[in-house]
>>> print(open('input.txt').read())   # compact mmCIF, C-alpha atoms
# COMPACT_ATOMS: atom_id res chain seq x y z
CA MET L 1 132.47 91.73 -110.07
CA SER L 2 133.88 90.53 -106.77
CA THR L 3 134.76 92.88 -103.94
CA PHE L 4 138.39 92.00 -104.46
CA SER L 5 138.56 93.01 -108.12
CA LYS L 6 136.95 96.35 -107.30
CA ALA L 7 139.44 96.82 -104.48
CA ALA L 8 142.38 95.97 -106.68
CA ARG L 9 141.59 98.74 -109.06
CA VAL L 10 141.22 101.50 -106.54
CA LEU L 11 144.07 100.77 -104.15
CA GLY L 12 145.39 104.24 -103.46
CA GLU L 13 148.91 105.28 -102.60
CA LEU L 14 148.34 105.30 -98.85
CA GLU L 15 146.51 101.96 -98.97
CA ALA L 16 149.46 100.47 -100.84
CA ARG L 17 151.88 101.85 -98.22
CA VAL L 18 149.82 100.43 -95.38
CA MET L 19 149.72 97.04 -97.11
CA ASP L 20 153.52 97.17 -97.57
CA VAL L 21 153.98 97.81 -93.85
CA LEU L 22 151.68 94.94 -92.93
CA TRP L 23 153.33 92.53 -95.34
CA GLU L 24 156.64 93.30 -93.66
CA GLU L 25 155.31 92.87 -90.14
CA HIS L 26 152.01 91.62 -88.78
CA PRO L 27 149.78 91.67 -86.88
CA LEU L 28 149.87 95.40 -86.14
CA SER L 29 147.57 97.78 -84.34
CA VAL L 30 146.66 101.09 -85.96
CA ARG L 31 149.02 102.91 -83.58
CA THR L 32 151.98 100.65 -84.47
CA ALA L 33 151.20 100.95 -88.18
CA CYS L 34 151.24 104.73 -87.73
CA GLU L 35 154.67 104.53 -86.16
CA ARG L 36 155.98 102.27 -88.96
CA LEU L 37 154.75 104.88 -91.44
CA ARG L 38 156.95 107.34 -89.54
CA GLY L 39 154.03 109.47 -88.44
CA ASP L 40 153.47 110.86 -91.96
CA HIS L 41 149.73 110.62 -91.47
CA ALA L 42 147.27 111.26 -88.68
CA TYR L 43 146.17 108.32 -86.54
CA THR L 44 142.56 108.66 -87.70
CA THR L 45 143.62 108.65 -91.38
CA ILE L 46 145.48 105.37 -90.91
CA MET L 47 142.61 103.92 -88.90
CA THR L 48 140.15 104.78 -91.68
CA THR L 49 142.51 103.38 -94.31
CA MET L 50 142.97 100.10 -92.44
CA ASP L 51 139.26 99.81 -91.86
CA ARG L 52 138.69 100.34 -95.59
CA LEU L 53 141.27 97.66 -96.43
CA HIS L 54 139.50 95.33 -94.05
CA LYS L 55 136.20 95.99 -95.82
CA LYS L 56 137.91 95.25 -99.12
CA ARG L 57 138.96 91.90 -97.63
CA LEU L 58 142.64 92.71 -97.95
CA LEU L 59 143.18 92.82 -94.19
CA ARG L 60 141.90 90.57 -91.43
CA ARG L 61 141.48 91.87 -87.93
CA ARG L 62 140.86 90.60 -84.43
CA LYS L 63 140.10 92.33 -81.17
CA ASP L 64 143.02 92.83 -78.77
CA GLY L 65 141.77 94.65 -75.71
CA ASN L 66 140.28 97.91 -76.92
CA ALA L 67 142.13 97.92 -80.20
CA PHE L 68 142.10 95.85 -83.37
CA LEU L 69 145.11 93.92 -84.60
CA TYR L 70 145.36 93.79 -88.38
CA GLU L 71 147.11 91.32 -90.64
CA PRO L 72 147.09 90.78 -94.42
CA ALA L 73 144.47 88.39 -95.72
CA MET L 74 146.99 87.10 -98.28
CA ASP L 75 150.70 87.41 -98.97
CA ARG L 76 152.12 89.90 -101.44
CA ALA L 77 152.54 87.36 -104.26
CA GLU L 78 148.97 86.13 -103.94
CA TYR L 79 147.73 89.73 -103.84
CA GLN L 80 149.62 90.59 -107.03
CA ARG L 81 148.35 87.45 -108.74
CA ARG L 82 144.79 88.40 -107.88
CA VAL L 83 145.25 91.97 -109.04
CA VAL L 84 146.62 90.74 -112.36
CA GLU L 85 143.65 88.36 -112.69
CA ALA L 86 141.24 91.17 -111.84
CA ALA L 87 142.81 93.38 -114.49
CA LEU L 88 142.88 90.60 -117.09
CA THR L 89 139.31 89.43 -116.62
CA PRO L 90 137.63 92.41 -118.33
CA LEU L 91 140.18 92.23 -121.13
CA LEU L 92 139.96 88.54 -121.78
CA GLU L 93 136.47 87.66 -120.72
CA GLN L 94 134.15 90.63 -120.40
CA GLY L 95 134.19 92.21 -123.82
CA ALA L 96 136.79 94.92 -123.27
CA ALA L 97 138.73 93.48 -126.20
CA PRO L 98 138.38 96.53 -128.53
CA VAL L 99 141.26 98.19 -126.69
CA LEU L 100 143.69 95.45 -127.67
CA ALA L 101 144.81 93.29 -130.56
CA ALA L 102 145.74 89.78 -129.54
CA PHE L 103 148.26 87.58 -131.31
CA VAL L 104 146.25 84.39 -131.13
CA GLU L 105 142.94 84.31 -129.39
CA VAL L 106 141.44 81.33 -127.72
CA ALA L 107 140.30 78.68 -130.13
CA ALA L 108 137.39 76.88 -128.59
CA ASP L 109 137.39 73.76 -130.72
CA LEU L 110 141.13 73.28 -131.06
CA ASP L 111 142.22 69.89 -129.95
CA GLU L 112 145.45 67.97 -129.93
CA LYS L 113 144.73 66.41 -133.34
CA HIS L 114 144.35 69.80 -135.04
CA LEU L 115 147.46 71.20 -133.40
CA ALA L 116 149.53 68.15 -134.28
CA GLN L 117 148.37 68.41 -137.90
CA LEU L 118 149.44 72.04 -138.06
CA GLU L 119 152.79 71.25 -136.47
CA ARG L 120 153.42 68.52 -139.06
CA LEU L 121 152.56 70.99 -141.80
CA ILE L 122 155.02 73.55 -140.40
CA ALA L 123 157.72 70.91 -140.02
CA SER L 124 157.30 69.69 -143.59
CA HIS L 125 157.45 73.28 -144.81
CA LYS L 126 160.70 73.79 -142.91
CA ARG L 127 162.20 70.63 -144.42
CA ARG L 128 161.34 71.73 -147.95
CA LYS L 129 163.29 74.99 -147.52
CA MET X 130 109.34 119.68 -138.18
CA SER X 131 109.76 116.74 -135.73
CA GLY X 132 107.37 114.71 -137.86
CA ALA X 133 109.48 115.36 -140.94
CA LEU X 134 112.62 114.45 -138.94
CA ALA X 135 111.01 111.11 -138.10
CA GLY X 136 110.50 110.52 -141.83
CA PHE X 137 114.11 111.37 -142.62
CA ALA X 138 115.39 109.20 -139.76
CA LEU X 139 113.33 106.32 -141.10
CA VAL X 140 114.87 106.74 -144.56
CA PHE X 141 118.37 106.82 -143.04
CA VAL X 142 117.78 103.66 -141.00
CA ILE X 143 116.14 101.72 -143.83
CA THR X 144 118.89 102.66 -146.29
CA THR X 145 121.73 101.98 -143.84
CA TRP X 146 120.41 98.68 -142.55
CA THR X 147 119.38 97.38 -145.98
CA MET X 148 122.73 98.31 -147.49
CA SER X 149 124.73 96.86 -144.60
CA ALA X 150 122.76 93.59 -144.90
CA PHE X 151 123.49 93.46 -148.65
CA GLY X 152 127.08 94.45 -147.93
CA VAL X 153 127.66 91.61 -145.51
CA LEU X 154 126.09 89.15 -147.95
CA GLY X 155 128.42 90.44 -150.65
CA LEU X 156 131.38 90.18 -148.28
CA ALA X 157 130.53 86.57 -147.45
CA THR X 158 130.10 85.69 -151.12
CA ALA X 159 133.29 87.41 -152.22
CA ARG X 160 135.38 86.20 -149.26
CA PRO X 161 137.24 83.37 -151.02
CA TRP X 162 138.10 85.75 -153.84
CA LEU X 163 139.13 88.52 -151.42
CA GLN X 164 141.33 86.07 -149.51
CA ARG X 165 143.12 85.20 -152.73
CA LEU X 166 143.70 88.92 -153.37
CA GLY X 167 145.28 89.31 -149.94
CA PRO X 168 144.44 90.39 -146.38
CA MET X 169 144.76 94.08 -147.15
CA ALA X 170 142.02 93.85 -149.80
CA GLU X 171 139.85 91.75 -147.50
CA ARG X 172 140.24 94.21 -144.67
CA ARG X 173 139.42 97.15 -146.95
CA ALA X 174 136.28 95.37 -148.12
CA ALA X 175 135.16 94.73 -144.54
CA GLY X 176 135.80 98.39 -143.73
CA ALA X 177 133.76 99.42 -146.76
CA VAL X 178 130.82 97.32 -145.57
CA ALA X 179 130.96 99.26 -142.29
CA ILE X 180 131.19 102.75 -143.79
CA VAL X 181 129.42 102.72 -147.19
CA PRO X 182 125.91 101.99 -145.85
CA ILE X 183 126.18 105.04 -143.58
CA VAL X 184 127.34 107.21 -146.50
CA LEU X 185 124.41 105.91 -148.59
CA GLY X 186 122.00 106.63 -145.74
CA VAL X 187 123.28 110.20 -145.51
CA LEU X 188 123.08 110.58 -149.31
CA ALA X 189 119.48 109.34 -149.36
CA VAL X 190 118.47 111.86 -146.69
CA ALA X 191 120.45 114.57 -148.49
CA ALA X 192 118.56 113.81 -151.72
CA LEU X 193 115.25 114.17 -149.88
CA LEU X 194 116.31 117.36 -148.18
CA LEU X 195 117.59 118.78 -151.45
CA GLN X 196 114.23 118.22 -153.06
CA SER X 197 112.52 119.74 -150.06
CA MET X 198 114.85 122.76 -149.82
CA THR X 199 114.78 123.68 -153.50
CA GLY X 200 111.12 124.49 -153.12
CA VAL X 201 109.88 121.92 -155.58
CA ASP X 202 106.49 121.02 -154.17
CA HIS X 203 105.07 117.86 -155.65
CA CYS X 204 102.94 117.22 -152.61
CA GLN X 205 99.83 118.73 -154.25
CA VAL X 206 99.90 116.23 -157.12
CA HIS X 207 100.91 113.23 -154.96
CA GLY X 208 98.21 113.15 -152.39
CA HIS X 209 98.16 109.37 -152.04
CA HIS X 210 101.01 109.01 -149.54
CA ALA X 211 102.77 110.72 -146.66
CA HIS X 212 105.35 113.28 -147.72
CA LEU X 213 109.05 113.34 -147.01
CA CYS X 214 109.54 117.08 -146.94
CA VAL X 215 110.02 119.64 -144.22
CA ALA X 216 106.75 121.42 -144.98
CA HIS X 217 104.39 118.41 -145.20
CA GLY X 218 106.18 115.69 -143.24
CA ALA X 219 104.32 116.02 -139.94
CA GLN X 220 102.16 112.93 -140.50
CA TRP X 221 105.10 110.50 -140.04
CA ILE X 222 105.14 110.97 -136.29
CA ASP X 223 101.43 110.05 -136.09
CA ARG X 224 102.06 106.56 -137.47
CA THR X 225 102.49 103.97 -134.77
CA TRP X 226 104.74 101.66 -136.82
CA VAL X 227 107.11 104.57 -137.55
CA VAL X 228 107.35 105.55 -133.89
CA VAL X 229 107.82 101.91 -132.77
CA THR X 230 110.43 101.25 -135.46
CA LEU X 231 112.40 104.39 -134.67
CA ALA X 232 112.21 103.77 -130.93
CA GLY X 233 113.46 100.21 -131.42
CA VAL X 234 116.29 101.32 -133.68
CA ALA X 235 117.27 104.18 -131.36
CA ALA X 236 117.30 101.82 -128.37
CA THR X 237 119.44 99.31 -130.28
CA MET X 238 121.95 101.94 -131.34
CA LEU X 239 122.05 103.51 -127.90
CA ALA X 240 122.63 100.12 -126.28
CA ARG X 241 125.46 99.40 -128.71
CA MET X 242 127.02 102.81 -128.03
CA VAL X 243 126.89 102.22 -124.28
CA ILE X 244 128.38 98.74 -124.64
CA VAL X 245 131.20 99.97 -126.88
CA ALA X 246 131.96 102.97 -124.67
CA ALA X 247 131.88 100.81 -121.53
CA SER X 248 134.20 98.24 -123.05
CA PHE X 249 136.69 100.98 -123.97
CA VAL X 250 136.57 102.58 -120.53
CA ARG X 251 136.82 99.25 -118.71
CA GLY X 252 139.55 98.03 -121.02
CA ALA X 253 141.62 101.21 -120.66
CA ARG X 254 141.34 101.00 -116.88
CA SER X 255 142.45 97.37 -116.86
CA ILE X 256 145.38 98.14 -119.14
CA ARG X 257 146.50 100.92 -116.76
CA VAL X 258 146.49 98.47 -113.86
CA LEU X 259 148.23 95.80 -115.92
CA HIS X 260 150.85 98.28 -117.05
CA ARG X 261 151.64 99.15 -113.46
CA LEU X 262 151.98 95.49 -112.53
CA SER X 263 154.00 94.47 -115.57
CA ARG X 264 157.75 94.74 -115.88
CA ASP X 265 159.76 96.05 -118.76
CA ALA X 266 161.47 93.25 -120.68
CA GLY X 267 162.85 95.30 -123.55
CA THR X 268 160.45 95.05 -126.46
CA VAL X 269 157.54 93.78 -124.38
CA ARG X 270 156.08 94.16 -120.94
CA LEU X 271 155.89 90.91 -118.99
CA VAL X 272 152.87 90.17 -116.84
CA GLU X 273 153.28 87.50 -114.17
CA SER X 274 150.42 85.19 -115.05
CA GLU X 275 149.72 81.55 -115.74
CA ARG X 276 147.30 82.53 -118.49
CA ALA X 277 148.44 82.31 -122.10
CA PHE X 278 148.07 85.73 -123.72
CA CYS X 279 149.91 88.22 -125.80
CA PHE X 280 148.35 91.45 -127.00
CA VAL X 281 149.14 94.97 -127.96
CA ALA X 282 147.31 97.81 -126.26
CA ARG X 283 148.29 101.38 -125.63
CA PRO X 284 151.03 101.86 -124.51
CA GLY X 285 152.78 98.54 -125.15
CA ILE X 286 152.93 94.85 -125.95
CA TYR X 287 151.83 92.71 -123.00
CA VAL X 288 152.85 89.08 -122.73
CA SER X 289 152.20 86.64 -119.92
CA SER X 290 155.29 85.22 -118.26
CA ARG X 291 153.99 81.75 -119.12
CA VAL X 292 153.94 82.47 -122.85
CA TRP X 293 157.30 84.25 -122.77
CA SER X 294 159.02 81.38 -121.00
CA SER X 295 157.38 78.73 -123.19
CA LEU X 296 158.25 80.13 -126.62
CA SER X 297 161.57 79.81 -128.39
CA GLU X 298 163.61 82.93 -129.14
CA GLY X 299 162.50 82.87 -132.78
CA GLU X 300 158.85 82.52 -131.80
CA ARG X 301 159.19 85.45 -129.41
CA ALA X 302 160.64 87.57 -132.21
CA ALA X 303 157.73 86.54 -134.45
CA LEU X 304 155.26 87.47 -131.74
CA VAL X 305 156.82 90.89 -131.21
CA ALA X 306 156.99 91.53 -134.98
CA HIS X 307 153.30 90.61 -135.29
CA GLU X 308 152.26 92.99 -132.51
CA ALA X 309 154.58 95.73 -133.81
CA ALA X 310 152.78 95.44 -137.17
CA HIS X 311 149.48 96.17 -135.37
CA VAL X 312 151.05 99.29 -133.90
CA ARG X 313 152.56 100.43 -137.21
CA GLN X 314 149.24 99.98 -139.01
CA GLY X 315 147.36 101.90 -136.30
CA ASP X 316 145.04 98.92 -135.79
CA LEU X 317 143.83 99.97 -132.35
CA ARG X 318 142.69 103.33 -133.68
CA LYS X 319 141.12 101.71 -136.74
CA ARG X 320 139.34 99.17 -134.56
CA ALA X 321 137.88 102.00 -132.47
CA VAL X 322 136.57 103.69 -135.65
CA LEU X 323 135.17 100.35 -136.87
CA GLU X 324 133.33 99.82 -133.58
CA ALA X 325 131.85 103.33 -133.84
CA LEU X 326 130.67 102.69 -137.41
CA LEU X 327 129.16 99.31 -136.56
CA VAL X 328 126.82 101.00 -134.10
CA PHE X 329 124.77 101.98 -137.17
CA ALA X 330 124.85 98.57 -138.86
CA ALA X 331 121.85 96.25 -139.14
CA PRO X 332 121.52 93.58 -136.44
CA LEU X 333 123.87 90.59 -136.89
CA VAL X 334 125.91 92.49 -139.48
CA GLY X 335 128.37 93.96 -136.99
CA ASP X 336 129.72 90.63 -135.74
CA ARG X 337 130.36 89.35 -139.25
CA VAL X 338 132.05 92.54 -140.43
CA ARG X 339 134.16 92.71 -137.26
CA SER X 340 135.16 89.07 -137.60
CA ALA X 341 136.18 89.51 -141.27
CA TRP X 342 138.13 92.67 -140.44
CA LEU X 343 139.91 91.09 -137.47
CA GLN X 344 140.85 87.94 -139.33
CA ALA X 345 142.21 89.92 -142.25
CA SER X 346 144.14 92.16 -139.83
CA GLU X 347 145.70 89.16 -138.12
CA ARG X 348 146.72 87.65 -141.46
CA LEU X 349 148.20 90.96 -142.48
CA CYS X 350 150.28 91.16 -139.30
CA ASP X 351 151.31 87.51 -139.69
CA ALA X 352 152.59 88.36 -143.16
CA HIS X 353 154.48 91.39 -141.80
CA ALA X 354 155.97 89.26 -139.03
CA ALA X 355 157.04 86.65 -141.59
CA ALA X 356 158.66 89.38 -143.70
CA VAL X 357 160.48 90.92 -140.71
CA THR X 358 161.77 87.63 -139.28
CA GLY X 359 162.25 86.00 -142.69
CA GLU X 360 160.79 82.83 -141.19
CA PRO X 361 157.10 82.23 -141.92
CA GLU X 362 157.39 78.80 -140.29
CA THR X 363 158.39 80.40 -136.99
CA VAL X 364 155.39 82.75 -137.12
CA ALA X 365 153.12 79.75 -137.76
CA SER X 366 154.84 77.77 -135.05
CA ALA X 367 154.35 80.65 -132.56
CA MET X 368 150.62 80.62 -133.30
CA VAL X 369 150.34 76.89 -132.75
CA SER X 370 152.44 77.09 -129.57
CA MET X 371 150.15 79.79 -128.21
CA CYS X 372 147.10 77.68 -128.97
CA ARG X 373 148.73 74.70 -127.32
CA LEU X 374 149.20 76.78 -124.18
CA HIS X 375 145.54 77.84 -124.34
CA THR X 376 144.48 74.23 -124.76
CA ALA X 377 146.60 73.18 -121.80
CA ARG X 378 144.88 75.74 -119.61
CA PRO X 379 141.60 76.80 -121.25
CA ALA X 380 140.49 80.34 -120.66
CA PRO X 381 137.29 82.07 -121.74
CA SER X 382 137.41 83.69 -125.13
CA PHE X 383 138.29 87.21 -126.28
CA GLY X 384 135.87 89.22 -128.41
CA PHE X 385 136.68 87.21 -131.52
CA THR X 386 137.23 83.49 -131.24
CA PRO X 387 138.79 81.71 -134.19
CA THR X 388 137.80 78.16 -134.96
CA ALA X 389 140.27 75.45 -135.83
CA ASP X 390 139.64 76.22 -139.52
CA GLU X 391 140.48 79.87 -139.01
CA LEU X 392 143.72 79.08 -137.22
CA ALA X 393 144.57 76.56 -139.92
CA GLY X 394 143.74 79.26 -142.49
CA ARG X 395 146.19 81.64 -140.83
CA VAL X 396 148.90 79.00 -140.68
CA HIS X 397 148.38 78.06 -144.33
CA ALA X 398 148.30 81.72 -145.37
CA VAL X 399 151.55 82.63 -143.63
CA LEU X 400 153.30 79.52 -144.99
CA ALA X 401 152.02 80.16 -148.52
CA ASP X 402 153.53 83.67 -148.39
CA GLY X 403 150.75 84.97 -150.67
CA PRO X 404 150.16 88.56 -151.77
CA LEU X 405 149.24 91.22 -149.22
CA GLY X 406 146.70 92.68 -151.62
CA GLU X 407 148.07 96.20 -151.34
CA ARG X 408 147.29 97.14 -154.92
CA ALA X 409 143.88 95.49 -154.86
CA ALA X 410 143.09 97.42 -151.67
CA ILE X 411 143.97 100.73 -153.36
CA VAL X 412 141.88 99.86 -156.42
CA PHE X 413 139.02 98.75 -154.18
CA ALA X 414 139.14 102.00 -152.17
CA ARG X 415 139.12 104.05 -155.38
CA ILE X 416 136.13 102.13 -156.73
CA VAL X 417 134.23 102.69 -153.49
CA VAL X 418 135.02 106.42 -153.36
CA ILE X 419 134.15 106.93 -157.04
CA SER X 420 130.91 104.95 -156.61
CA CYS X 421 129.92 107.15 -153.65
CA ILE X 422 130.67 110.31 -155.64
CA VAL X 423 128.65 108.99 -158.61
CA LEU X 424 125.78 108.12 -156.27
CA ALA X 425 125.92 111.61 -154.78
CA ILE X 426 125.70 113.13 -158.27
CA VAL X 427 122.84 110.76 -159.15
CA GLY X 428 121.19 111.81 -155.88
CA VAL X 429 121.34 115.46 -156.94
CA LEU X 430 120.21 114.84 -160.52
CA ALA X 431 117.50 112.33 -159.64
CA ALA X 432 116.37 113.89 -156.36
CA GLU X 433 112.73 113.99 -157.46
CA PRO X 434 112.33 110.30 -158.44
CA ILE X 435 114.33 109.21 -155.38
CA HIS X 436 112.14 111.37 -153.19
CA HIS X 437 109.00 109.95 -154.72
CA ALA X 438 110.28 106.38 -154.61
CA PHE X 439 110.91 106.61 -150.85
CA GLU X 440 107.49 108.20 -150.30
CA THR X 441 105.78 105.45 -152.28
CA LEU X 442 107.78 102.75 -150.50
CA LEU X 443 107.22 104.04 -146.97
CA GLY X 444 104.07 106.14 -147.23
>>> encode(input="input.txt", output="structure tokens")
Amino acid sequence: MSTFSKAARVLGELEARVMDVLWEEHPLSVRTACERLRGDHAYTTIMTTMDRLHKKRLLRRRKDGNAFLYEPAMDRAEYQRRVVEAALTPLLEQGAAPVLAAFVEVAADLDEKHLAQLERLIASHKRRK
Amino acid sequence: MSGALAGFALVFVITTWTMSAFGVLGLATARPWLQRLGPMAERRAAGAVAIVPIVLGVLAVAALLLQSMTGVDHCQVHGHHAHLCVAHGAQWIDRTWVVVTLAGVAATMLARMVIVAASFVRGARSIRVLHRLSRDAGTVRLVESERAFCFVARPGIYVSSRVWSSLSEGERAALVAHEAAHVRQGDLRKRAVLEALLVFAAPLVGDRVRSAWLQASERLCDAHAAAVTGEPETVASAMVSMCRLHTARPAPSFGFTPTADELAGRVHAVLADGPLGERAAIVFARIVVISCIVLAIVGVLAAEPIHHAFETLLG
């Protein structure tokens, strides 16, 4: 499992808030991010959180003097798409299927010819009614 | 005592695995007939193949224990084989083939248990995430995704935005009715029980039983969807549309992957509007229960010959 998919599952409330702030405005230093969060959390807590998000590859950072400037590694839409993919992968690909019942599952050897045949059958059935 | 337990465990495994192998052969042979009876009968038969071998295994061990507990000691006159009783069963554990067999079986069952448990835990976690990311669209929860999927999982019906936007209104209704039928029938709970039972099945049996059960369940829900919408053609058309979306953007398979024949079978079945097999399923269940009761009585009455037969066979 990639680092991202692990990260997507465990994004805590504070991590999500920090990401929201950085999606609105970036790049930000830890101190500025703290201010944007209206000082609800200690500086060190935010610093640790941003460092963790960086390790999860959700934030990029670069040195600016003595401090780091952080910015999102992807936009919000891309992040959500990846989280959805990360959640779907175990369900659709890694044998977690017992928790669900799918309408139609993937048919490996279905080709256009088969599908067209079935559609003709359905159409002829409709006409007979 | 542990030696005797090894003997009893061996009897349980041999009975369960042999019976499940015979059961799956019977299921395969009777499948065309079961399909004519209806999906409910077919599903009941698949369920029976999962549960009856375990019941028979327990009955066989119970018959041995009964003989052992009632104090009937035939061990003195049958000195030519190892004994399946609490008092004289110690020699089983000294036999290498018994230890190897039991270790292999235990490892297989343990591995299956771990896999099943892990898939449930992982699946539940993914559903929680998906639920948070999905949005309520009335009867279903929409997931923004380019993949083509629609499934029911606690606590809702999850459909990809791609599927939802591609299907007609009638096809959407058919899809929801199909998934609602899964919920009404308690299929997720039943599937969990099935997975637990299949842990004890002989190798290769589980996949076949699961596949038969799943296919019958899908046909049953198709039939319910056709009854609710009053349009079997729309249910069939929804299936084909979903497959077309899959084909347009192939994705790796779910646990059970239907072939073209199976999809065609579902389409034909829903269009034919055949029987559900409700009555046949009830009759089938009664026959199975009565047979198990009769076998239990036979086990009590014929405990001695059964006991001796197992000793002769294994000892």
>>> residues_near_point(input="input.txt", point="(129.7, 99.8, -135.2)", cutoff="12 Å", atoms="all atoms listed in the file", output="ChimeraX atom specification")
/L:98 /X:145-146,149,175-176,178-180,182-183,237-246,319-339
>>> atom_distance(input="input.txt", atom1="atom CA of Met371 of chain X", atom2="atom CA of Arg76 of chain L")
28.7 Å
>>> atom_distance(input="input.txt", atom1="atom CA of Cys350 of chain X", atom2="atom CA of Arg395 of chain X")
10.5 Å
>>> atom_distance(input="input.txt", atom1="atom CA of Leu400 of chain X", atom2="atom CA of Ala157 of chain X")
24.0 Å
>>> closest_residue(input="input.txt", among="L:Asp20, L:Arg128, L:Pro27, L:Phe103", to="Ala303 of chain X", atoms="only C-alpha atoms")
L:Phe103
>>> closest_residue(input="input.txt", among="L:Val30, L:Leu53, L:Ala101, L:Ala116", to="chain X", atoms="all atoms listed in the file")
L:Ala101
>>> residues_around(input="input.txt", residues="segment 189-200 of chain X", least_positions_apart="4", cutoff="7 Å", atoms="only C-alpha atoms", output="PyMOL selection string")
chain X and resi 137+140-141+185+213-215+428-429+432-433+436
>>> closest_residue(input="input.txt", among="L:Ser124, L:Thr32, L:Asn66, L:Thr45", to="chain X", atoms="only C-alpha atoms")
L:Ser124
>>> residues_around(input="input.txt", residues="Ala266 of chain X", least_positions_apart="4", cutoff="12 Å", atoms="all atoms listed in the file", output="NGL selection string")
:X and (270-273 or 285-290 or 293 or 301 or 305)
>>> residues_near_point(input="input.txt", point="(146.6, 90.0, -86.9)", cutoff="10 Å", atoms="all atoms listed in the file", output="ChimeraX atom specification")
/L:22,25-29,59-64,68-73
>>> closest_residue(input="input.txt", among="L:Glu119, L:Thr44, L:Thr49, L:Glu112", to="Ala367 of chain X", atoms="only C-alpha atoms")
L:Glu119
